[in-house]
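Q: So here's my_file-v5.cif (mmCIF, N, CA, C and O atoms).
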data_run
#
loop_
_atom_site.label_atom_id
_atom_site.label_comp_id
_atom_site.auth_asym_id
_atom_site.auth_seq_id
_atom_site.Cartn_x
_atom_site.Cartn_y
_atom_site.Cartn_z
N MET X 1 88.49 41.07 -12.94
CA MET X 1 87.62 40.89 -11.78
C MET X 1 87.57 42.22 -11.02
O MET X 1 88.61 42.81 -10.74
N PRO X 2 86.37 42.69 -10.66
CA PRO X 2 86.24 43.96 -9.95
C PRO X 2 86.96 43.95 -8.59
O PRO X 2 86.97 42.94 -7.89
N ARG X 3 87.55 45.08 -8.25
CA ARG X 3 88.30 45.22 -7.00
C ARG X 3 87.44 44.88 -5.79
O ARG X 3 87.91 44.23 -4.86
N GLN X 4 86.18 45.31 -5.77
CA GLN X 4 85.30 45.06 -4.63
C GLN X 4 85.06 43.56 -4.43
O GLN X 4 85.01 43.07 -3.31
N LEU X 5 84.94 42.82 -5.52
CA LEU X 5 84.75 41.37 -5.44
C LEU X 5 86.01 40.70 -4.87
O LEU X 5 85.91 39.81 -4.02
N ILE X 6 87.17 41.14 -5.34
CA ILE X 6 88.42 40.59 -4.81
C ILE X 6 88.54 40.89 -3.32
O ILE X 6 88.92 40.02 -2.53
N LYS X 7 88.20 42.10 -2.93
CA LYS X 7 88.26 42.49 -1.51
C LYS X 7 87.33 41.60 -0.68
O LYS X 7 87.70 41.11 0.39
N THR X 8 86.12 41.37 -1.16
CA THR X 8 85.16 40.52 -0.45
C THR X 8 85.68 39.10 -0.32
O THR X 8 85.58 38.48 0.74
N MET X 9 86.25 38.58 -1.39
CA MET X 9 86.76 37.20 -1.37
C MET X 9 87.94 37.06 -0.41
O MET X 9 88.02 36.09 0.34
N THR X 10 88.86 38.03 -0.43
CA THR X 10 90.01 37.94 0.47
C THR X 10 89.59 38.11 1.92
O THR X 10 90.14 37.47 2.82
N TYR X 11 88.58 38.96 2.17
CA TYR X 11 88.08 39.12 3.54
C TYR X 11 87.44 37.81 4.01
O TYR X 11 87.65 37.38 5.15
N SER X 12 86.68 37.17 3.14
CA SER X 12 86.06 35.89 3.50
C SER X 12 87.11 34.84 3.81
O SER X 12 86.99 34.10 4.80
N LEU X 13 88.15 34.78 3.00
CA LEU X 13 89.24 33.83 3.24
C LEU X 13 89.92 34.12 4.59
O LEU X 13 90.20 33.20 5.36
N MET X 14 90.15 35.39 4.87
CA MET X 14 90.75 35.77 6.15
C MET X 14 89.83 35.36 7.32
O MET X 14 90.28 34.82 8.32
N HIS X 15 88.53 35.58 7.16
CA HIS X 15 87.57 35.24 8.22
C HIS X 15 87.59 33.73 8.49
O HIS X 15 87.63 33.30 9.64
N PHE X 16 87.55 32.93 7.44
CA PHE X 16 87.62 31.47 7.60
C PHE X 16 88.91 31.06 8.29
O PHE X 16 88.93 30.24 9.20
N THR X 17 90.03 31.65 7.86
CA THR X 17 91.34 31.30 8.43
C THR X 17 91.40 31.64 9.92
O THR X 17 91.85 30.82 10.74
N VAL X 18 90.94 32.81 10.28
CA VAL X 18 90.96 33.22 11.70
C VAL X 18 90.03 32.32 12.51
O VAL X 18 90.40 31.86 13.60
N ALA X 19 88.84 32.05 12.00
CA ALA X 19 87.89 31.20 12.73
C ALA X 19 88.47 29.80 12.96
O ALA X 19 88.37 29.26 14.08
N ILE X 20 89.09 29.24 11.94
CA ILE X 20 89.68 27.90 12.08
C ILE X 20 90.86 27.93 13.04
O ILE X 20 91.00 27.04 13.89
N ALA X 21 91.69 28.94 12.94
CA ALA X 21 92.87 29.04 13.82
C ALA X 21 92.46 29.19 15.29
O ALA X 21 93.03 28.53 16.17
N VAL X 22 91.48 30.02 15.55
CA VAL X 22 91.02 30.21 16.93
C VAL X 22 90.38 28.92 17.45
O VAL X 22 90.64 28.49 18.58
N ALA X 23 89.56 28.29 16.63
CA ALA X 23 88.92 27.04 17.04
C ALA X 23 89.97 25.96 17.31
O ALA X 23 89.86 25.21 18.29
N PHE X 24 91.00 25.90 16.48
CA PHE X 24 92.05 24.91 16.71
C PHE X 24 92.83 25.23 17.99
O PHE X 24 93.16 24.32 18.77
N ALA X 25 93.11 26.50 18.22
CA ALA X 25 93.83 26.90 19.44
C ALA X 25 93.05 26.50 20.69
O ALA X 25 93.64 26.13 21.71
N LEU X 26 91.73 26.56 20.61
CA LEU X 26 90.89 26.22 21.77
C LEU X 26 90.67 24.72 21.93
O LEU X 26 90.59 24.22 23.05
N THR X 27 90.58 24.01 20.81
CA THR X 27 90.22 22.58 20.88
C THR X 27 91.39 21.63 20.64
O THR X 27 91.33 20.48 21.05
N ARG X 28 92.42 22.10 19.93
CA ARG X 28 93.54 21.25 19.51
C ARG X 28 93.06 20.04 18.71
O ARG X 28 93.63 18.96 18.75
N ASN X 29 91.97 20.25 17.98
CA ASN X 29 91.37 19.19 17.18
C ASN X 29 91.03 19.78 15.81
O ASN X 29 90.19 20.66 15.70
N TRP X 30 91.70 19.27 14.75
CA TRP X 30 91.48 19.82 13.42
C TRP X 30 90.07 19.60 12.90
O TRP X 30 89.51 20.46 12.21
N HIS X 31 89.46 18.47 13.21
CA HIS X 31 88.09 18.21 12.75
C HIS X 31 87.13 19.22 13.36
O HIS X 31 86.29 19.79 12.65
N ALA X 32 87.24 19.43 14.66
CA ALA X 32 86.37 20.41 15.32
C ALA X 32 86.67 21.82 14.80
O ALA X 32 85.75 22.60 14.55
N ALA X 33 87.95 22.14 14.63
CA ALA X 33 88.33 23.47 14.15
C ALA X 33 87.77 23.75 12.76
O ALA X 33 87.26 24.84 12.50
N LEU X 34 87.86 22.76 11.87
CA LEU X 34 87.32 22.94 10.52
C LEU X 34 85.80 23.08 10.54
O LEU X 34 85.23 23.90 9.82
N ALA X 35 85.14 22.27 11.36
CA ALA X 35 83.68 22.37 11.46
C ALA X 35 83.27 23.74 11.98
O ALA X 35 82.39 24.40 11.41
N ILE X 36 83.90 24.17 13.05
CA ILE X 36 83.58 25.49 13.62
C ILE X 36 83.94 26.58 12.63
O ILE X 36 83.18 27.54 12.43
N GLY X 37 85.10 26.46 12.01
CA GLY X 37 85.55 27.47 11.06
C GLY X 37 84.68 27.61 9.84
O GLY X 37 84.64 28.68 9.22
N LEU X 38 83.98 26.56 9.47
CA LEU X 38 83.07 26.64 8.33
C LEU X 38 81.68 27.12 8.75
O LEU X 38 81.00 27.82 8.01
N ILE X 39 81.27 26.75 9.94
CA ILE X 39 79.93 27.12 10.42
C ILE X 39 79.87 28.56 10.93
O ILE X 39 78.93 29.30 10.64
N GLU X 40 80.88 28.98 11.69
CA GLU X 40 80.85 30.30 12.33
C GLU X 40 80.66 31.44 11.34
O GLU X 40 79.81 32.30 11.56
N PRO X 41 81.41 31.52 10.23
CA PRO X 41 81.18 32.63 9.30
C PRO X 41 79.77 32.63 8.70
O PRO X 41 79.20 33.69 8.46
N ALA X 42 79.20 31.46 8.47
CA ALA X 42 77.83 31.40 7.93
C ALA X 42 76.84 31.94 8.96
O ALA X 42 75.94 32.72 8.62
N VAL X 43 77.00 31.54 10.20
CA VAL X 43 76.11 32.04 11.27
C VAL X 43 76.32 33.54 11.45
O VAL X 43 75.36 34.29 11.62
N GLN X 44 77.56 33.98 11.39
CA GLN X 44 77.86 35.40 11.54
C GLN X 44 77.21 36.22 10.43
O GLN X 44 76.71 37.32 10.67
N THR X 45 77.20 35.70 9.22
CA THR X 45 76.55 36.39 8.10
C THR X 45 75.05 36.53 8.34
O THR X 45 74.48 37.60 8.11
N LEU X 46 74.41 35.48 8.82
CA LEU X 46 72.98 35.56 9.15
C LEU X 46 72.73 36.55 10.27
O LEU X 46 71.80 37.36 10.21
N ALA X 47 73.56 36.51 11.30
CA ALA X 47 73.41 37.43 12.43
C ALA X 47 73.56 38.87 11.96
O ALA X 47 72.80 39.76 12.38
N TYR X 48 74.50 39.11 11.08
CA TYR X 48 74.72 40.47 10.56
C TYR X 48 73.49 40.95 9.78
O TYR X 48 73.08 42.11 9.90
N THR X 49 72.90 40.06 9.00
CA THR X 49 71.70 40.42 8.24
C THR X 49 70.57 40.85 9.17
O THR X 49 69.93 41.88 8.95
N PHE X 50 70.34 40.08 10.24
CA PHE X 50 69.30 40.46 11.20
C PHE X 50 69.66 41.75 11.93
O PHE X 50 68.80 42.60 12.17
N HIS X 51 70.91 41.92 12.27
CA HIS X 51 71.38 43.15 12.92
C HIS X 51 71.07 44.36 12.04
O HIS X 51 70.58 45.38 12.52
N GLU X 52 71.37 44.25 10.76
CA GLU X 52 71.11 45.36 9.84
C GLU X 52 69.62 45.68 9.74
O GLU X 52 69.24 46.84 9.70
N ARG X 53 68.79 44.65 9.71
CA ARG X 53 67.34 44.87 9.63
C ARG X 53 66.82 45.58 10.87
O ARG X 53 66.02 46.51 10.77
N VAL X 54 67.26 45.17 12.03
CA VAL X 54 66.86 45.82 13.28
C VAL X 54 67.37 47.25 13.30
O VAL X 54 66.65 48.18 13.65
N TRP X 55 68.62 47.46 12.94
CA TRP X 55 69.23 48.78 12.96
C TRP X 55 68.47 49.75 12.05
O TRP X 55 68.27 50.91 12.41
N GLU X 56 68.04 49.27 10.88
CA GLU X 56 67.30 50.12 9.95
C GLU X 56 65.93 50.51 10.49
O GLU X 56 65.40 51.55 10.12
N ARG X 57 65.37 49.72 11.37
CA ARG X 57 64.03 50.02 11.91
C ARG X 57 64.07 50.95 13.11
O ARG X 57 63.04 51.46 13.52
N LEU X 58 65.25 51.18 13.68
CA LEU X 58 65.35 52.07 14.82
C LEU X 58 65.06 53.50 14.39
O LEU X 58 65.48 53.93 13.31
N PRO X 59 64.33 54.27 15.22
CA PRO X 59 64.03 55.66 14.87
C PRO X 59 65.32 56.47 14.70
O PRO X 59 66.26 56.33 15.47
N GLY X 60 65.35 57.31 13.66
CA GLY X 60 66.49 58.18 13.44
C GLY X 60 67.72 57.48 12.90
O GLY X 60 68.80 58.04 12.90
N ARG X 61 67.58 56.26 12.45
CA ARG X 61 68.73 55.49 11.97
C ARG X 61 68.61 55.18 10.48
O ARG X 61 69.15 54.20 10.02
N SER X 62 67.94 56.00 9.73
CA SER X 62 67.82 55.73 8.30
C SER X 62 69.17 55.94 7.62
O SER X 62 70.05 56.63 8.14
N ARG X 63 69.33 55.36 6.47
CA ARG X 63 70.59 55.52 5.73
C ARG X 63 70.86 56.99 5.45
O ARG X 63 71.98 57.45 5.51
N ARG X 64 69.84 57.73 5.11
CA ARG X 64 70.00 59.14 4.79
C ARG X 64 70.53 59.91 5.99
O ARG X 64 71.38 60.78 5.86
N ALA X 65 70.06 59.57 7.19
CA ALA X 65 70.50 60.27 8.40
C ALA X 65 71.96 59.97 8.71
O ALA X 65 72.65 60.75 9.35
N LEU X 66 72.48 58.81 8.25
CA LEU X 66 73.85 58.43 8.56
C LEU X 66 74.84 58.86 7.49
O LEU X 66 76.04 58.81 7.71
N GLU X 67 74.36 59.33 6.32
CA GLU X 67 75.26 59.73 5.26
C GLU X 67 75.86 61.10 5.57
O GLU X 67 75.18 61.99 6.08
N PRO X 68 77.14 61.28 5.28
CA PRO X 68 77.77 62.58 5.53
C PRO X 68 77.21 63.62 4.57
O PRO X 68 76.85 63.31 3.44
N THR X 69 77.15 64.83 5.04
CA THR X 69 76.68 65.92 4.19
C THR X 69 77.88 66.68 3.66
O THR X 69 78.93 66.75 4.28
N SER X 70 77.72 67.25 2.46
CA SER X 70 78.85 67.99 1.90
C SER X 70 78.49 69.44 1.70
O SER X 70 77.45 69.90 1.85
#
Could you rewrite the structure in this file as structure tokens?
A:
Amino acid sequence: MPRQLIKTMTYSLMHFTVAIAVAFALTRNWHAALAIGLIEPAVQTLAYTFHERVWERLPGRSRRALEPTS
């Protein structure tokens, strides 16, 4: 299995775990914590996608402008 895929999967697992733990700490309810913990990362992924699209459209923010030069 490629290293990048493993990294992505472990990051996703960490994100779910943190989201559930924080939700449980706030609600003291496992059902609510699991629901929030499953929904929040999905919403965050969508929000990130829109953020990236907006960021790419800003003047002077092209990928080429952000790449380091050697």
Q: Just the residues within 10 Å of range 32-35 of chain X, please, counting only C-alpha atoms, with nothing from its chain fewer than 3 positions along; format it as a tab-separated table (two decimals) with N, CA, C and O atoms, in the coordinates of the input.
A:
chain	number	residue	atom	x	y	z
X	16	PHE	N	87.55	32.93	7.44
X	16	PHE	CA	87.62	31.47	7.60
X	16	PHE	C	88.91	31.06	8.29
X	16	PHE	O	88.93	30.24	9.20
X	17	THR	N	90.03	31.65	7.86
X	17	THR	CA	91.34	31.30	8.43
X	17	THR	C	91.40	31.64	9.92
X	17	THR	O	91.85	30.82	10.74
X	19	ALA	N	88.84	32.05	12.00
X	19	ALA	CA	87.89	31.20	12.73
X	19	ALA	C	88.47	29.80	12.96
X	19	ALA	O	88.37	29.26	14.08
X	20	ILE	N	89.09	29.24	11.94
X	20	ILE	CA	89.68	27.90	12.08
X	20	ILE	C	90.86	27.93	13.04
X	20	ILE	O	91.00	27.04	13.89
X	21	ALA	N	91.69	28.94	12.94
X	21	ALA	CA	92.87	29.04	13.82
X	21	ALA	C	92.46	29.19	15.29
X	21	ALA	O	93.03	28.53	16.17
X	22	VAL	N	91.48	30.02	15.55
X	22	VAL	CA	91.02	30.21	16.93
X	22	VAL	C	90.38	28.92	17.45
X	22	VAL	O	90.64	28.49	18.58
X	23	ALA	N	89.56	28.29	16.63
X	23	ALA	CA	88.92	27.04	17.04
X	23	ALA	C	89.97	25.96	17.31
X	23	ALA	O	89.86	25.21	18.29
X	24	PHE	N	91.00	25.90	16.48
X	24	PHE	CA	92.05	24.91	16.71
X	24	PHE	C	92.83	25.23	17.99
X	24	PHE	O	93.16	24.32	18.77
X	25	ALA	N	93.11	26.50	18.22
X	25	ALA	CA	93.83	26.90	19.44
X	25	ALA	C	93.05	26.50	20.69
X	25	ALA	O	93.64	26.13	21.71
X	26	LEU	N	91.73	26.56	20.61
X	26	LEU	CA	90.89	26.22	21.77
X	26	LEU	C	90.67	24.72	21.93
X	26	LEU	O	90.59	24.22	23.05
X	27	THR	N	90.58	24.01	20.81
X	27	THR	CA	90.22	22.58	20.88
X	27	THR	C	91.39	21.63	20.64
X	27	THR	O	91.33	20.48	21.05
X	28	ARG	N	92.42	22.10	19.93
X	28	ARG	CA	93.54	21.25	19.51
X	28	ARG	C	93.06	20.04	18.71
X	28	ARG	O	93.63	18.96	18.75
X	29	ASN	N	91.97	20.25	17.98
X	29	ASN	CA	91.37	19.19	17.18
X	29	ASN	C	91.03	19.78	15.81
X	29	ASN	O	90.19	20.66	15.70
X	38	LEU	N	83.98	26.56	9.47
X	38	LEU	CA	83.07	26.64	8.33
X	38	LEU	C	81.68	27.12	8.75
X	38	LEU	O	81.00	27.82	8.01
X	39	ILE	N	81.27	26.75	9.94
X	39	ILE	CA	79.93	27.12	10.42
X	39	ILE	C	79.87	28.56	10.93
X	39	ILE	O	78.93	29.30	10.64
X	40	GLU	N	80.88	28.98	11.69
X	40	GLU	CA	80.85	30.30	12.33
X	40	GLU	C	80.66	31.44	11.34
X	40	GLU	O	79.81	32.30	11.56
Q: What does the distance from CA of His15 in chain X to CA of Val43 in chain X come to in Å, to one decimal?
A: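 Straight-line distance from CA of His15 in chain X to CA of Val43 in chain X works out to 12.3 Å.
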Q: Just the number, please: distance in Å from CA of Tyr11 in chain X to CA of Pro41 in chain X, one decimal.
A: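 CA of Pro41 in chain X lies at a distance of 11.1 Å from CA of Tyr11 in chain X.
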Q: Could you work out how far atom O of Gly60 in chain X lies from atom O of Thr8 in chain X, giving the answer in Å with one decimal?
A: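 Computing the Euclidean distance for atom O of Thr8 in chain X and atom O of Gly60 in chain X yields 28.5 Å.
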Q: Could you give me the centre and size, in Å to one decimal, of an axis-aligned box around all listed atoms of range 33-38 of chain X with 4 Å added on every side, as AutoDock Vina command-line options?
A:
--center_x 84.7 --center_y 25.4 --center_z 11.3 --size_x 15.3 --size_y 14.5 --size_z 14.6
